[in-house]
file model_10.cif (mmCIF, C-alpha atoms and all ligand atoms)
data_structure
#
loop_
_atom_site.label_atom_id
_atom_site.label_comp_id
_atom_site.auth_asym_id
_atom_site.auth_seq_id
_atom_site.Cartn_x
_atom_site.Cartn_y
_atom_site.Cartn_z
CA MET S 1192 3.14 7.64 -24.35
CA ALA S 1193 1.66 4.14 -24.28
CA ASP S 1194 -1.65 3.65 -22.48
CA TYR S 1195 -1.16 2.29 -18.96
CA VAL S 1196 -2.82 -0.98 -18.05
CA GLU S 1197 -2.52 -2.11 -14.45
CA ILE S 1198 -1.95 -5.71 -13.48
CA PHE S 1199 -3.27 -6.34 -9.97
CA GLU S 1200 -1.08 -9.12 -8.61
CA VAL S 1201 -3.12 -11.75 -6.78
CA GLY S 1202 -0.64 -14.64 -6.70
CA PRO S 1203 0.20 -14.60 -2.99
CA ARG S 1204 -3.54 -14.90 -2.23
CA ASP S 1205 -5.50 -16.41 -5.11
CA GLY S 1206 -2.46 -18.39 -6.16
CA LEU S 1207 -1.27 -19.80 -2.89
CA GLN S 1208 -4.71 -20.38 -1.28
CA ASN S 1209 -5.13 -23.45 -3.43
CA GLU S 1210 -1.82 -25.18 -2.76
CA LYS S 1211 -2.23 -28.44 -0.86
CA ARG S 1212 1.23 -28.34 0.69
CA GLN S 1213 1.51 -25.85 3.57
CA ILE S 1214 3.90 -23.24 2.23
CA PRO S 1215 6.23 -21.78 4.87
CA THR S 1216 5.31 -18.22 5.85
CA ALA S 1217 8.90 -17.13 5.16
CA ASP S 1218 8.57 -18.29 1.54
CA LYS S 1219 5.36 -16.31 1.12
CA ILE S 1220 7.04 -13.23 2.56
CA ALA S 1221 10.02 -13.65 0.21
CA LEU S 1222 7.66 -13.88 -2.78
CA VAL S 1223 5.78 -10.73 -1.78
CA ASP S 1224 9.05 -8.87 -1.18
CA CYS S 1225 10.20 -9.84 -4.66
CA LEU S 1226 6.88 -8.72 -6.18
CA SER S 1227 7.07 -5.42 -4.29
CA ALA S 1228 10.17 -4.60 -6.33
CA ALA S 1229 8.46 -5.37 -9.64
CA GLY S 1230 6.41 -2.17 -9.90
CA PHE S 1231 2.91 -3.31 -8.89
CA ARG S 1232 0.64 -0.73 -7.30
CA ARG S 1233 -1.51 -3.36 -5.62
CA ILE S 1234 -0.68 -6.87 -4.42
CA GLU S 1235 -3.19 -9.18 -2.74
CA VAL S 1236 -1.24 -10.93 -0.02
CA ALA S 1237 -3.73 -12.08 2.60
CA SER S 1238 -7.12 -13.65 3.15
CA PHE S 1239 -8.86 -13.36 6.50
CA VAL S 1240 -11.30 -16.16 5.90
CA SER S 1241 -12.02 -19.06 8.21
CA PRO S 1242 -8.78 -21.03 8.66
CA LYS S 1243 -10.92 -24.18 8.78
CA TRP S 1244 -12.12 -23.41 5.25
CA VAL S 1245 -8.77 -22.33 3.82
CA PRO S 1246 -5.89 -23.49 6.06
CA GLN S 1247 -3.30 -22.21 3.57
CA MET S 1248 -4.25 -18.60 4.40
CA ALA S 1249 -4.18 -19.03 8.19
CA ASP S 1250 -0.85 -17.20 8.44
CA SER S 1251 -2.09 -14.07 6.65
CA ALA S 1252 -1.39 -11.78 9.62
CA GLU S 1253 2.17 -13.12 9.86
CA VAL S 1254 2.67 -12.48 6.15
CA LEU S 1255 1.49 -8.88 6.48
CA ALA S 1256 3.70 -8.42 9.55
CA GLY S 1257 6.76 -9.90 7.87
CA ILE S 1258 6.85 -8.19 4.48
CA ALA S 1259 8.94 -5.13 3.76
CA ARG S 1260 6.24 -2.68 2.71
CA ALA S 1261 7.29 -0.72 -0.35
CA ASP S 1262 6.23 2.90 -0.74
CA GLY S 1263 3.21 3.33 -2.95
CA VAL S 1264 2.17 -0.35 -2.90
CA SER S 1265 -1.21 -1.24 -1.46
CA TYR S 1266 -1.22 -4.65 0.25
CA ALA S 1267 -4.70 -6.13 -0.03
CA ALA S 1268 -6.66 -8.75 1.91
CA LEU S 1269 -9.92 -10.65 1.48
CA THR S 1270 -12.49 -10.09 4.22
CA PRO S 1271 -15.68 -12.21 4.01
CA ASN S 1272 -17.29 -10.88 7.20
CA MET S 1273 -16.77 -8.57 10.19
CA GLN S 1274 -14.42 -11.05 11.87
CA GLY S 1275 -12.27 -11.00 8.75
CA LEU S 1276 -12.30 -7.22 8.61
CA GLU S 1277 -11.25 -6.93 12.26
CA ARG S 1278 -8.33 -9.28 11.58
CA ALA S 1279 -7.38 -7.31 8.45
CA ILE S 1280 -7.39 -4.01 10.34
CA ALA S 1281 -5.31 -5.51 13.16
CA ALA S 1282 -2.81 -6.81 10.59
CA ARG S 1283 -2.66 -3.38 8.89
CA ALA S 1284 -3.91 -4.38 5.45
CA ASP S 1285 -4.00 -1.31 3.18
CA GLU S 1286 -7.24 -2.28 1.48
CA VAL S 1287 -9.78 -5.05 1.73
CA ALA S 1288 -12.05 -6.99 -0.60
CA ILE S 1289 -15.51 -8.43 -0.18
CA PHE S 1290 -16.18 -11.33 -2.49
CA GLY S 1291 -19.53 -12.47 -3.78
CA ALA S 1292 -20.78 -14.45 -6.74
CA ALA S 1293 -23.26 -14.20 -9.56
CA SER S 1294 -24.39 -17.80 -9.12
CA GLU S 1295 -26.15 -19.32 -6.12
CA GLY S 1296 -24.34 -22.65 -6.33
CA PHE S 1297 -20.89 -21.13 -6.03
CA SER S 1298 -21.97 -18.60 -3.40
CA LYS S 1299 -23.20 -21.42 -1.19
CA ALA S 1300 -20.11 -23.58 -1.78
CA ASN S 1301 -17.60 -20.77 -1.30
CA ILE S 1302 -19.00 -18.69 1.55
CA ASN S 1303 -21.92 -20.74 2.81
CA ALA S 1304 -24.48 -18.07 1.99
CA THR S 1305 -26.99 -17.24 -0.71
CA ILE S 1306 -26.16 -14.23 -2.87
CA GLU S 1307 -28.68 -12.16 -0.93
CA GLU S 1308 -27.33 -13.29 2.45
CA SER S 1309 -23.78 -12.53 1.33
CA LEU S 1310 -24.67 -9.00 0.23
CA ALA S 1311 -26.38 -8.39 3.57
CA ARG S 1312 -23.20 -9.62 5.28
CA PHE S 1313 -20.94 -7.43 3.12
CA ALA S 1314 -22.79 -4.15 3.71
CA PRO S 1315 -21.56 -3.63 7.29
CA VAL S 1316 -18.07 -4.84 6.30
CA ALA S 1317 -17.88 -2.20 3.56
CA GLU S 1318 -19.28 0.43 5.93
CA ALA S 1319 -16.80 -0.36 8.71
CA ALA S 1320 -13.86 -0.61 6.30
CA LYS S 1321 -14.60 2.83 4.90
CA ALA S 1322 -14.96 4.21 8.44
CA ALA S 1323 -11.49 2.77 9.15
CA GLY S 1324 -10.14 4.49 6.04
CA LEU S 1325 -9.68 1.30 4.03
CA PRO S 1326 -10.64 1.20 0.35
CA VAL S 1327 -12.95 -1.71 -0.46
CA ARG S 1328 -12.75 -3.75 -3.63
CA GLY S 1329 -15.57 -6.06 -4.69
CA TYR S 1330 -15.22 -9.41 -6.42
CA ILE S 1331 -17.89 -11.25 -8.35
CA SER S 1332 -17.18 -14.90 -9.08
CA CYS S 1333 -18.58 -17.07 -11.86
CA VAL S 1334 -19.36 -14.16 -14.17
CA THR S 1335 -19.85 -16.40 -17.20
CA ASP S 1336 -19.99 -20.00 -15.91
CA CYS S 1337 -20.52 -21.72 -12.58
CA PRO S 1338 -19.27 -25.24 -11.78
CA PHE S 1339 -22.61 -25.98 -10.10
CA ASP S 1340 -25.25 -23.94 -11.96
CA GLY S 1341 -23.91 -23.80 -15.54
CA PRO S 1342 -23.93 -20.58 -17.60
CA THR S 1343 -24.44 -17.34 -15.66
CA PRO S 1344 -26.93 -14.79 -17.07
CA PRO S 1345 -25.11 -11.47 -17.75
CA GLU S 1346 -27.97 -9.57 -16.06
CA LYS S 1347 -27.27 -11.38 -12.80
CA VAL S 1348 -23.65 -10.18 -12.89
CA ALA S 1349 -24.85 -6.64 -13.57
CA GLU S 1350 -27.29 -6.85 -10.66
CA VAL S 1351 -24.58 -7.95 -8.19
CA ALA S 1352 -22.16 -5.36 -9.61
CA ALA S 1353 -24.72 -2.60 -9.02
CA ARG S 1354 -25.21 -3.77 -5.44
CA LEU S 1355 -21.46 -3.83 -4.72
CA ASP S 1356 -21.13 -0.44 -6.39
CA ALA S 1357 -23.87 0.95 -4.15
CA MET S 1358 -21.90 -0.30 -1.12
CA GLY S 1359 -19.02 1.91 -2.19
CA CYS S 1360 -16.61 -0.57 -3.74
CA TYR S 1361 -14.03 1.51 -5.55
CA GLU S 1362 -13.54 -1.23 -8.15
CA ILE S 1363 -15.32 -4.44 -9.04
CA SER S 1364 -13.31 -7.40 -10.21
CA LEU S 1365 -15.16 -9.76 -12.52
CA GLY S 1366 -14.07 -13.35 -11.97
CA ASP S 1367 -14.13 -16.11 -14.56
CA THR S 1368 -13.49 -18.42 -11.64
CA ILE S 1369 -13.31 -21.68 -13.58
CA GLY S 1370 -11.81 -20.27 -16.77
CA GLN S 1371 -14.69 -21.33 -19.01
CA GLY S 1372 -15.40 -17.84 -20.37
CA ARG S 1373 -14.99 -17.17 -24.08
CA PRO S 1374 -14.51 -13.81 -25.75
CA GLU S 1375 -18.21 -13.85 -26.77
CA THR S 1376 -19.53 -14.64 -23.29
CA ILE S 1377 -17.10 -12.22 -21.62
CA ALA S 1378 -18.19 -9.49 -24.07
CA ALA S 1379 -21.89 -10.16 -23.40
CA MET S 1380 -21.27 -10.08 -19.65
CA LEU S 1381 -19.30 -6.82 -19.90
CA ASP S 1382 -22.00 -5.20 -22.05
CA ALA S 1383 -24.50 -5.86 -19.25
CA VAL S 1384 -22.19 -4.73 -16.44
CA LEU S 1385 -21.12 -1.58 -18.29
CA GLU S 1386 -24.74 -0.45 -18.19
CA VAL S 1387 -24.38 -0.03 -14.43
CA VAL S 1388 -20.65 0.45 -13.65
CA PRO S 1389 -18.17 2.32 -15.86
CA ALA S 1390 -15.13 0.53 -17.31
CA SER S 1391 -12.85 2.75 -15.22
CA ARG S 1392 -14.08 0.95 -12.09
CA LEU S 1393 -14.01 -2.62 -13.40
CA ALA S 1394 -11.26 -5.22 -13.48
CA GLY S 1395 -11.04 -8.53 -15.31
CA HIS S 1396 -10.07 -11.56 -13.21
CA TYR S 1397 -9.67 -14.46 -15.55
CA HIS S 1398 -8.48 -17.95 -14.79
CA ASP S 1399 -6.72 -19.74 -17.61
CA THR S 1400 -8.19 -23.23 -17.33
CA SER S 1401 -9.09 -23.35 -21.02
CA GLY S 1402 -6.21 -21.22 -22.28
CA ARG S 1403 -8.54 -18.36 -23.23
CA ALA S 1404 -7.67 -15.82 -20.53
CA LEU S 1405 -5.50 -13.68 -22.82
CA ALA S 1406 -8.20 -13.61 -25.49
CA ASN S 1407 -10.70 -12.65 -22.80
CA ILE S 1408 -8.39 -9.84 -21.68
CA GLU S 1409 -8.17 -8.58 -25.25
CA VAL S 1410 -11.93 -8.37 -25.63
CA SER S 1411 -12.11 -6.62 -22.25
CA LEU S 1412 -9.52 -4.09 -23.39
CA ASP S 1413 -11.78 -3.39 -26.39
CA LYS S 1414 -14.61 -2.72 -23.94
CA GLY S 1415 -12.43 -0.18 -22.09
CA LEU S 1416 -11.15 -2.16 -19.08
CA ARG S 1417 -7.67 -1.18 -17.95
CA VAL S 1418 -7.11 -3.35 -14.85
CA PHE S 1419 -6.54 -7.11 -14.88
CA ASP S 1420 -5.87 -9.49 -12.03
CA ALA S 1421 -3.16 -12.07 -12.57
CA ALA S 1422 -0.94 -14.39 -10.54
CA VAL S 1423 2.77 -14.62 -11.01
CA GLY S 1424 3.81 -18.03 -12.35
CA GLY S 1425 0.14 -18.82 -13.10
CA LEU S 1426 -0.37 -19.90 -9.52
CA GLY S 1427 -3.74 -20.73 -8.24
CA GLY S 1428 -7.32 -21.74 -8.38
CA CYS S 1429 -10.15 -21.72 -5.91
CA PRO S 1430 -10.54 -24.55 -3.38
CA TYR S 1431 -14.35 -24.27 -3.62
CA ALA S 1432 -14.57 -24.27 -7.42
CA PRO S 1433 -13.95 -27.76 -8.78
CA GLY S 1434 -11.95 -27.48 -11.98
CA ALA S 1435 -10.61 -23.98 -11.31
CA GLU S 1436 -7.01 -24.04 -12.46
CA GLY S 1437 -4.56 -21.23 -12.07
CA ASN S 1438 -5.04 -17.55 -12.59
CA VAL S 1439 -3.69 -16.27 -15.84
CA ALA S 1440 0.06 -15.79 -15.37
CA THR S 1441 1.16 -12.22 -14.71
CA GLU S 1442 4.18 -12.53 -16.99
CA ALA S 1443 1.97 -13.76 -19.88
CA VAL S 1444 -0.44 -10.86 -19.37
CA HIS S 1445 2.48 -8.45 -19.20
CA ASP S 1446 3.98 -9.78 -22.43
CA ARG S 1447 0.67 -9.67 -24.29
CA LEU S 1448 -0.06 -6.13 -23.09
CA VAL S 1449 3.38 -4.95 -24.17
CA ALA S 1450 2.94 -6.65 -27.55
CA LEU S 1451 -0.36 -4.76 -27.91
CA GLY S 1452 1.45 -1.49 -27.20
CA PHE S 1453 0.39 -0.95 -23.58
CA ASP S 1454 2.61 0.05 -20.68
CA THR S 1455 2.35 -1.99 -17.46
CA GLY S 1456 5.04 -0.20 -15.46
CA LEU S 1457 6.48 -3.58 -14.48
CA ASP S 1458 10.09 -4.73 -14.45
CA ARG S 1459 10.11 -7.93 -16.53
CA GLU S 1460 13.30 -9.27 -14.95
CA VAL S 1461 11.99 -8.97 -11.42
CA LEU S 1462 8.73 -10.50 -12.61
CA SER S 1463 10.61 -13.50 -14.00
CA ARG S 1464 12.34 -13.96 -10.67
CA GLY S 1465 8.95 -13.87 -8.93
CA ALA S 1466 7.57 -16.39 -11.43
CA ASP S 1467 10.48 -18.75 -10.71
CA MET S 1468 9.85 -18.46 -6.98
CA ALA S 1469 6.12 -19.09 -7.46
CA ARG S 1470 6.70 -22.14 -9.64
CA ALA S 1471 9.15 -23.55 -7.10
CA MET S 1472 6.51 -23.16 -4.40
CA ARG S 1473 3.94 -25.16 -6.30
CA GLY S 1474 6.56 -27.72 -7.16
CA ALA S 1475 6.19 -27.09 -10.91
P1 LIG Y 1501 -19.42 -20.45 8.09
O1 LIG Y 1501 -18.96 -21.79 8.56
O2 LIG Y 1501 -20.78 -20.34 7.52
O3 LIG Y 1501 -19.22 -19.31 9.17
O4 LIG Y 1501 -18.36 -19.93 7.04
P2 LIG Y 1501 -19.55 -19.11 10.67
O5 LIG Y 1501 -19.76 -17.65 10.85
O6 LIG Y 1501 -20.62 -20.07 11.12
O7 LIG Y 1501 -18.16 -19.51 11.37
C1 LIG Y 1501 -17.68 -20.83 11.45
C2 LIG Y 1501 -16.35 -20.82 12.18
O8 LIG Y 1501 -15.39 -20.06 11.43
C3 LIG Y 1501 -16.40 -20.16 13.54
O9 LIG Y 1501 -15.41 -20.80 14.33
C4 LIG Y 1501 -15.96 -18.75 13.26
O10 LIG Y 1501 -15.39 -18.12 14.37
C5 LIG Y 1501 -14.91 -18.98 12.19
P3 LIG Y 1501 -15.77 -21.93 15.41
O11 LIG Y 1501 -16.80 -21.29 16.32
O12 LIG Y 1501 -16.33 -23.08 14.60
O13 LIG Y 1501 -14.45 -22.25 16.04
N1 LIG Y 1501 -14.76 -17.80 11.32
C6 LIG Y 1501 -13.62 -17.16 11.10
N2 LIG Y 1501 -12.38 -17.34 11.58
C7 LIG Y 1501 -11.43 -16.48 11.16
N3 LIG Y 1501 -11.66 -15.44 10.29
C8 LIG Y 1501 -12.90 -15.24 9.80
C9 LIG Y 1501 -13.93 -16.11 10.21
N4 LIG Y 1501 -15.24 -16.19 9.91
C10 LIG Y 1501 -15.74 -17.21 10.60
N5 LIG Y 1501 -13.13 -14.25 8.94
C11 LIG Y 1501 -17.15 -18.18 5.94
C12 LIG Y 1501 -18.51 -18.66 6.40
C13 LIG Y 1501 -17.39 -17.01 5.01
C14 LIG Y 1501 -16.34 -17.73 7.14
C15 LIG Y 1501 -16.45 -19.35 5.21
O14 LIG Y 1501 -17.31 -19.85 4.25
C16 LIG Y 1501 -15.17 -18.95 4.55
O15 LIG Y 1501 -14.19 -18.62 5.22
N6 LIG Y 1501 -15.14 -18.97 3.21
C17 LIG Y 1501 -13.99 -18.51 2.43
C18 LIG Y 1501 -13.72 -19.42 1.28
C19 LIG Y 1501 -12.57 -18.86 0.49
O16 LIG Y 1501 -11.68 -18.24 1.04
N7 LIG Y 1501 -12.60 -19.10 -0.83
C20 LIG Y 1501 -11.54 -18.61 -1.69
C21 LIG Y 1501 -11.56 -17.12 -1.88
S1 LIG Y 1501 -12.76 -16.57 -3.10
C22 LIG Y 1501 -11.95 -16.82 -4.61
O17 LIG Y 1501 -10.90 -17.38 -4.66
C23 LIG Y 1501 -12.57 -16.23 -5.84
C24 LIG Y 1501 -11.84 -14.96 -6.33
O18 LIG Y 1501 -10.49 -15.23 -6.61
C25 LIG Y 1501 -12.51 -14.44 -7.60
C26 LIG Y 1501 -12.70 -15.53 -8.67
O19 LIG Y 1501 -11.74 -16.15 -9.10
O20 LIG Y 1501 -13.86 -15.73 -9.01
C27 LIG Y 1501 -11.92 -13.85 -5.28
MG MG Y 1502 -9.76 -16.17 -8.50
#
call {"tool": "encode", "arguments": {"input": "model_10.cif", "output": "structure tokens", "more": "lines below"}}
Ligand code: HMG
Ligand code: MG
result
Amino acid sequence: MADYVEIFEVGPRDGLQNEKRQIPTADKIALVDCLSAAGFRRIEVASFVSPKWVPQMADSAEVLAGIARADGVSYAALTPNMQGLERAIAARADEVAIFGAASEGFSKANINATIEESLARFAPVAEAAKAAGLPVRGYISCVTDCPFDGPTPPEKVAEVAARLDAMGCYEISLGDTIGQGRPETIAAMLDAVLEVVPASRLAGHYHDTSGRALANIEVSLDKGLRVFDAAVGGLGGCPYAPGAEGNVATEAVHDRLVALGFDTGLDREVLSRGADMARAMRGA
């Protein structure tokens, strides 16, 4: 049997958070319902951040309330602080994510905190989430390049990964937020992180700004990673990372993985329908 590689679908969150036009909640719900039928185990659908910072995600509770939850699918939400966690619990998210960075410039721009301050803020969130029975995922942004600080030292990524690991994150997603990573820099970063966290608890989260996300996934597969974040239709970007284009498209990742002989467990036809819906939403 082919090796399974999981695609963690982040389109309804990482994709839609960046759209300028306010997308109707009903359209978001329809997209998630379509994706639920595609065979994903995890779909990130909500972000309980400040609505002043990211207005597009202000209806996250309504999205979680409106979707038809499929058996066996975990519906995930971002939670930057205790207020976010409380909102996620009230909205019945199945798992939550704390999100930090490996560069000070992006940390400040994205969550208005230094790396150290953000980790201090995440610790009680992770603690309370676990007490509420919610698995916690950790994100690290700017793992190879930062739009403010330039190249990121691999050791810094490893240091933040170790801290998130110590907080009990079940998986750490490594974000090439602005899609400037290259197979060489991704490999160097992974070598450092793998010293402190095993491949079985890492995910690659690569944006495709420079068209290198698939190559970066391939090098990550060589290093043993088996989970990759992607957004259907290549939706996305980050409102606080100038130059961050879309996430790598789920359907492109699926096709490459299949060509490499891996099994994703996804239904390609349903995925194509989801990609059409996503592209219609962004007006592309
Ligand atoms: P702050 O302004 O420093 O926070 O923002 P604050 O605690 O001073 O609060 C300011 C106001 O926001 C207050 O309201 C709070 O109540 C409210 P006011 O008194 O002014 O009326 N507030 C909240 N409201 C609702 N839910 C909350 C919440 N927290 C505070 N959870 C904060 C700090 C972290 C809140 C802010 O910076 C923020 O929301 N940042 C999120 C930015 C964001 O969502 N970025 C995109 C996601 S990360 C990403 O895309 C990268 C990733 O994909 C990986 C990759 O690609 O690298 C994950
Ligand atoms: Mg992202």
call {"tool": "residues_around", "arguments": {"input": "model_10.cif", "residues": "Val1316 (chain S)", "least_positions_apart": "2", "cutoff": "7 Å", "atoms": "only C-alpha atoms", "output": "NGL selection string"}}
result
:S and (1272-1273 or 1276 or 1313-1314 or 1318-1320)
call {"tool": "residues_near_ligand", "arguments": {"input": "model_10.cif", "ligand": "ligand MG 1502 (chain Y)", "cutoff": "9 Å", "atoms": "all atoms listed in the file", "output": "PyMOL selection string"}}
result
chain S and resi 1201+1204-1206+1330+1332+1366-1369+1396-1398+1420-1421+1427-1429+1435+1437-1438
call {"tool": "atom_distance", "arguments": {"input": "model_10.cif", "atom1": "CA of Thr1400 (chain S)", "atom2": "CA of Ser1364 (chain S)"}}
result
18.1 Å
call {"tool": "residues_around", "arguments": {"input": "model_10.cif", "residues": "region 1337-1343 of chain S", "least_positions_apart": "3", "cutoff": "10 Å", "atoms": "only C-alpha atoms", "output": "PyMOL selection string"}}
result
chain S and resi 1292-1298+1300+1332-1334+1346-1348+1367-1372+1376+1380+1431-1435
call {"tool": "axis_aligned_box", "arguments": {"input": "model_10.cif", "around": "ligand LIG 1501 (chain Y)", "padding_each_side": "6 Å", "output": "JSON"}}
result
{"center_x": -15.6, "center_y": -18.5, "center_z": 3.6, "size_x": 22.3, "size_y": 21.2, "size_z": 37.4}
call {"tool": "closest_residue", "arguments": {"input": "model_10.cif", "among": "S:Val1240, S:Ala1422, S:Ala1284, S:Cys1360", "to": "ligand LIG 1501 (chain Y)", "atoms": "all atoms listed in the file"}}
result
S:Val1240
call {"tool": "atom_distance", "arguments": {"input": "model_10.cif", "atom1": "atom C18 of ligand LIG 1501 (chain Y)", "atom2": "CA of Ile1289 (chain S)"}}
result
11.2 Å
call {"tool": "atom_distance", "arguments": {"input": "model_10.cif", "atom1": "CA of Arg1392 (chain S)", "atom2": "CA of Ala1469 (chain S)"}}
result
28.8 Å
call {"tool": "closest_residue", "arguments": {"input": "model_10.cif", "among": "S:Leu1416, S:Leu1426, S:Leu1269, S:Ile1302", "to": "ligand LIG 1501 (chain Y)", "atoms": "only C-alpha atoms and all ligand atoms"}}
result
S:Ile1302
call {"tool": "residues_around", "arguments": {"input": "model_10.cif", "residues": "Ala1249 (chain S)", "least_positions_apart": "3", "cutoff": "9 Å", "atoms": "all atoms listed in the file", "output": "PyMOL selection string"}}
result
chain S and resi 1237-1243+1245-1246+1252-1253
call {"tool": "write_last_selection", "arguments": {"input": "model_10.cif", "atoms": "C-alpha atoms", "output": "PDB file, in the coordinates of the input"}}
result
ATOM      1  CA  ALA S1237      -3.730 -12.080   2.600  1.00  0.00           C
ATOM      2  CA  SER S1238      -7.120 -13.650   3.150  1.00  0.00           C
ATOM      3  CA  PHE S1239      -8.860 -13.360   6.500  1.00  0.00           C
ATOM      4  CA  VAL S1240     -11.300 -16.160   5.900  1.00  0.00           C
ATOM      5  CA  SER S1241     -12.020 -19.060   8.210  1.00  0.00           C
ATOM      6  CA  PRO S1242      -8.780 -21.030   8.660  1.00  0.00           C
ATOM      7  CA  LYS S1243     -10.920 -24.180   8.780  1.00  0.00           C
ATOM      8  CA  VAL S1245      -8.770 -22.330   3.820  1.00  0.00           C
ATOM      9  CA  PRO S1246      -5.890 -23.490   6.060  1.00  0.00           C
ATOM     10  CA  ALA S1252      -1.390 -11.780   9.620  1.00  0.00           C
ATOM     11  CA  GLU S1253       2.170 -13.120   9.860  1.00  0.00           C
TER      12      GLU S1253
END
call {"tool": "build_atoms", "arguments": {"input": "model_10.cif", "residues": "region 1213-1224 of chain S", "atoms": "N, CA, C and O atoms", "output": "compact mmCIF listing (two decimals), in the frame of the given file"}}
result
# COMPACT_ATOMS: atom_id res chain seq x y z
N GLN S 1213 1.44 -27.09 2.80
CA GLN S 1213 1.51 -25.85 3.57
C GLN S 1213 2.81 -25.13 3.23
O GLN S 1213 3.91 -25.66 3.47
N ILE S 1214 2.70 -23.98 2.65
CA ILE S 1214 3.90 -23.24 2.23
C ILE S 1214 4.41 -22.42 3.41
O ILE S 1214 3.62 -21.72 4.06
N PRO S 1215 5.71 -22.52 3.71
CA PRO S 1215 6.23 -21.78 4.87
C PRO S 1215 5.97 -20.28 4.74
O PRO S 1215 6.10 -19.71 3.65
N THR S 1216 5.62 -19.66 5.85
CA THR S 1216 5.31 -18.22 5.85
C THR S 1216 6.50 -17.43 5.28
O THR S 1216 6.31 -16.46 4.53
N ALA S 1217 7.71 -17.85 5.64
CA ALA S 1217 8.90 -17.13 5.16
C ALA S 1217 8.98 -17.13 3.64
O ALA S 1217 9.41 -16.15 3.03
N ASP S 1218 8.55 -18.23 3.01
CA ASP S 1218 8.57 -18.29 1.54
C ASP S 1218 7.55 -17.33 0.94
O ASP S 1218 7.79 -16.70 -0.09
N LYS S 1219 6.39 -17.24 1.59
CA LYS S 1219 5.36 -16.31 1.12
C LYS S 1219 5.86 -14.88 1.22
O LYS S 1219 5.68 -14.07 0.30
N ILE S 1220 6.51 -14.58 2.34
CA ILE S 1220 7.04 -13.23 2.56
C ILE S 1220 8.10 -12.91 1.49
O ILE S 1220 8.11 -11.82 0.91
N ALA S 1221 8.97 -13.88 1.22
CA ALA S 1221 10.02 -13.65 0.21
C ALA S 1221 9.40 -13.39 -1.17
O ALA S 1221 9.87 -12.52 -1.92
N LEU S 1222 8.33 -14.10 -1.48
CA LEU S 1222 7.66 -13.88 -2.78
C LEU S 1222 7.08 -12.47 -2.84
O LEU S 1222 7.26 -11.75 -3.83
N VAL S 1223 6.38 -12.08 -1.78
CA VAL S 1223 5.78 -10.73 -1.78
C VAL S 1223 6.87 -9.67 -1.86
O VAL S 1223 6.74 -8.68 -2.61
N ASP S 1224 7.96 -9.86 -1.14
CA ASP S 1224 9.05 -8.87 -1.18
C ASP S 1224 9.63 -8.76 -2.58
O ASP S 1224 9.95 -7.67 -3.05
